[in-house]
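Novice: Below is one structure. I have some questions about it.
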Amino acid sequence: MKQGTTIITLDNGYHLWTNTQGTGDIHLLALHGGPGGNHEYWEDTAQQLAKQGLNVQVHMYDQLGSWYSDQPDYSQHENQKLLTYDYFLDEVEEVRQKLGIDHFYLIGQSWGGALVQMYSLKYGQHLKGAIISSMVDNIDEYVVNVNKIREKIMTADQLAYMKQVEANGNYDDAKYQGLVDILNKGYVDRKQPAAISHLIDTTATDVYGAFQGDNEFVITGKLKEWDVRDQLKNDQVPTLVTFGEHETMPLATGKRMAETIPHARWATTPEGGHHHMIDNAPVYYDHLATFIRDVENDNFND
C-alpha cells in the first residue's frame with residue numbers, strides 16, 4: 001500500500017487528507033477527536049508500535065471539516081446533513097473502502113472513540129479489534145466528572161467567574177480562556193509537545209460547535225444526547241478500553257464499559273491526560289501492542 005499522503009475523493013465530492021505510515025500485514029485506522037481536531041497525535045503511532053516489536057500500517061485522516069481536508073461551508077442548508085453522527089460514522093466506512101483495507105483495527109480518541117463504538121456496532125464484521133481511547137459511552141458522566149475536576153483545581157473566585165461567563169455566553173473572554181487552559185495543561189495536553197503546536201488555532205470550530213458547543217464544561221451541541229450504554233452489550237468485537245489516569249474522562253465509566261462489552265480489556269496510563277498517547281507513550285503503546293498481538297495470536301482473554 002502507498003506510504004505517505006493520499007488525497008481521497010468521497011462520493012459526495014469532497015476530499016479528505018489521508019496518510020499511511022509503517023509496514024506489515026496488520027492495518028490500524030486512527031480516528032482523531034474534537035470533533036474538529038486533527039490527526040497529529042497519531043503521526044508516530046507506527047514508529048511507537050515498531051518500538052514495541054510490532055509492524056503495523058497505520059492509516060490516519062483528517063475528518064471532513066478538519067485541518068488538511070476539505071472544509072465545507074456549513075452555513076449552507078444542504079451541508080447541515082454533514083454535521084450528523086450518521087455522516088461521520090459512514091465516512092469512516094467510506095475511508096476504509098477507499099483505502100482498500102478490511103479485517104483491520106480501529107482506534108479512536110475522544111470523539112474518535114465515540115465513532116469507534118458506533119462503527120463496532122454497525123460495521124463490526126470488518127474489524128479484528130477496536131480501541132476506545134478516552135471516550136465515555138454517555139456524555140452525562142463526563143460532564144459531571146469534568147466539572148468536579150474544575151471545582152477541585154479552581155479557587156472559589158475563579159469558579160464563580162467561569163460560571164458567570166458561561167451564563168453570559170461570553171466564551172471568548174480572555175480571562176476565562178486562561179482558566180480553561182489550566183484544565184488543559186493539567187488534564188488534557190499534559191506534555192504539550194512543541195511538534196504539534198500551531199501559530200493559529202486549527203480546530204474546525206463549525207464542527208466542534210455543532211457537536212460540543214462552546215466549551216468543555218457545558219455541552220450544548222449534539223453530543224449532549226450521546227448515550228450508547230444500552231447498546232455496548234451487543235458489541236462482539238474484541239475491544240481495548242484505555243484511559244489516562246489523570247484526565248477529564250471518568251475512569252469509573254471506562255472500567256464499566258470494559259465490563260459491559262462482551263470481549264473487552266481495561267487499561268490505564270499513569271501520568272496520562274486526555275492525550276495519553278503523547279503524555280506517556282511507552283505505556284500507552286505497550287498496552288496497544290499487547291492487545292493487537294494477543295488478538296493476532298488468538299490469545300485475547302477478556
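Starting from 1 in every chain, residues are counted up; chains themselves are A, B, ... following the order of the C-alpha cells, and ligands are numbered from 1 as listed.
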As a PyMOL selection string, which residues of region 56-221 of chain A does DSSP assign to alpha helix (DSSP H)?
Specialist: chain A and resi 85-99+111-123+139-153+156-168+174-183+205-211
Novice: Can I get the residues of region 125-231 of chain A within 6 Å of region 263-277 of chain A, each with the closest pair of atoms and their distance in Å to one decimal, using only C-alpha atoms, sorted chain first then ascending number, as a tab-separated table?
Specialist:
```
residue	atom	partner	partner_atom	distance
A:Tyr187	CA	A:Gly273	CA	4.7
A:Val188	CA	A:His274	CA	4.4
A:Asp189	CA	A:His275	CA	6.0
A:Arg190	CA	A:Gly273	CA	5.9
```
Novice: Atoms to include: C-alpha atoms. Write the selected residues as a PDB file, in the first residue's frame.
Specialist:
```pdb
ATOM      1  CA  TYR A 187      -5.752  17.031  32.333  1.00  0.00           C
ATOM      2  CA  VAL A 188      -5.855  17.245  28.522  1.00  0.00           C
ATOM      3  CA  ASP A 189      -2.491  18.136  26.961  1.00  0.00           C
ATOM      4  CA  ARG A 190      -0.213  17.486  29.911  1.00  0.00           C
TER       5      ARG A 190
END
```
Novice: Taking into account only C-alpha atoms, which residue in the set A:His32, A:Lys224, A:Lys148, A:His126 is nearest to Trp111 (chain A)?
Specialist: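 Smallest separation from Trp111 (chain A) among the options: A:His32.
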Novice: Counting only C-alpha atoms, give me one row per residue of region 162-233 of chain A with an atom at most 8 Å from an atom of region 35-54 of chain A, showing the shortest contact pair and its distance in Å to one decimal, sorted by chain then residue number, as CSV.
Specialist:
```
residue,atom,partner,partner_atom,distance
A:Ile196,CA,A:Glu40,CA,6.5
A:Thr202,CA,A:Gly37,CA,7.4
A:Thr203,CA,A:Gly37,CA,5.4
A:Ala204,CA,A:Gly36,CA,4.3
A:Thr205,CA,A:Gly36,CA,6.5
A:Asp206,CA,A:Gly36,CA,7.8
A:Val207,CA,A:Gly36,CA,5.3
A:Tyr208,CA,A:Pro35,CA,4.9
A:Phe211,CA,A:Pro35,CA,6.9
A:Gln212,CA,A:Pro35,CA,7.4
```
Novice: Take the residues from that selection and put them in a file with C-alpha atoms, as a PDB file, in the first residue's frame.
Specialist:
```
ATOM      1  CA  ILE A 196       2.114  19.612  17.299  1.00  0.00           C
ATOM      2  CA  THR A 202      -6.533  24.639  13.917  1.00  0.00           C
ATOM      3  CA  THR A 203      -9.826  23.480  15.434  1.00  0.00           C
ATOM      4  CA  ALA A 204     -12.707  23.146  12.990  1.00  0.00           C
ATOM      5  CA  THR A 205     -14.966  25.366  15.087  1.00  0.00           C
ATOM      6  CA  ASP A 206     -18.077  24.789  12.964  1.00  0.00           C
ATOM      7  CA  VAL A 207     -17.818  21.054  13.570  1.00  0.00           C
ATOM      8  CA  TYR A 208     -16.843  21.415  17.236  1.00  0.00           C
ATOM      9  CA  PHE A 211     -21.433  18.666  18.449  1.00  0.00           C
ATOM     10  CA  GLN A 212     -19.772  20.003  21.604  1.00  0.00           C
TER      11      GLN A 212
END
```
Novice: Check which residues of region 38-71 of chain A sit at most 9 Å from region 84-102 of chain A using only C-alpha atoms, and return one row each with the closest pair of atoms and their distance in Å to one decimal, ordered by chain and rising number, as a tab-separated table.
Specialist:
```
residue	atom	partner	partner_atom	distance
A:His59	CA	A:Leu99	CA	8.6
A:Tyr61	CA	A:Val95	CA	8.6
A:Gln63	CA	A:Phe88	CA	7.8
A:Leu64	CA	A:Phe88	CA	8.1
```
Novice: Would you export the selected residues with N, CA and C atoms as a PDB file, in the first residue's frame, please?
Specialist:
```pdb
ATOM      1  N   HIS A  59      -3.030   4.013   9.311  1.00  0.00           N
ATOM      2  CA  HIS A  59      -3.699   4.934   8.407  1.00  0.00           C
ATOM      3  C   HIS A  59      -4.412   5.992   9.241  1.00  0.00           C
ATOM      4  N   TYR A  61      -6.422  10.058   9.034  1.00  0.00           N
ATOM      5  CA  TYR A  61      -7.000  11.055   8.143  1.00  0.00           C
ATOM      6  C   TYR A  61      -7.641  12.165   8.951  1.00  0.00           C
ATOM      7  N   GLN A  63     -10.854  14.276   9.378  1.00  0.00           N
ATOM      8  CA  GLN A  63     -12.267  14.158   9.033  1.00  0.00           C
ATOM      9  C   GLN A  63     -12.742  15.404   8.281  1.00  0.00           C
ATOM     10  N   LEU A  64     -13.843  15.268   7.560  1.00  0.00           N
ATOM     11  CA  LEU A  64     -14.361  16.392   6.790  1.00  0.00           C
ATOM     12  C   LEU A  64     -14.550  17.610   7.692  1.00  0.00           C
TER      13      LEU A  64
END
```
Novice: Quick one: residues within 12 Å of Asp172 (chain A), only C-alpha atoms, excluding same-chain residues fewer than 6 positions away - as a list in words?
Specialist: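 Skipping anything fewer than 6 positions along the chain leaves Met162, Val165, Glu166, Gly178, Leu179, Val180, Asp214 and Asn215 of chain A.
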Novice: From the list A:Gly33, A:Gly22, A:Gly213, A:Pro238, which residue is nearest Ala130 (chain A) when using only C-alpha atoms?
Specialist: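 Smallest separation from Ala130 (chain A) among the options: A:Pro238.
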Novice: Rounded to one decimal, what separation in Å do you get between CA of Ala195 (chain A) and CA of Lys175 (chain A)?
Specialist: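 Straight-line distance from CA of Ala195 (chain A) to CA of Lys175 (chain A) works out to 26.4 Å.
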Novice: For Ala258 (chain A), which residue out of A:Ala174, A:Val241, A:Val146, A:Leu106 is the nearest one, using only C-alpha atoms?
Specialist: A:Val241
Novice: Just to confirm, what's the straight-line distance from CA of Ser133 (chain A) to CA of Gly108 (chain A) in Å (one decimal)?
Specialist: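 Answer for the CA of Ser133 (chain A) to CA of Gly108 (chain A) separation: 5.8 Å.
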Novice: Write out as a list in words the residues lying within 8 Å of Leu127 (chain A), counting only C-alpha atoms and excluding same-chain residues fewer than 5 positions away.
Specialist: Asp102, His103, Phe104, Tyr105, Leu106, Ser120 and Val237 of chain A
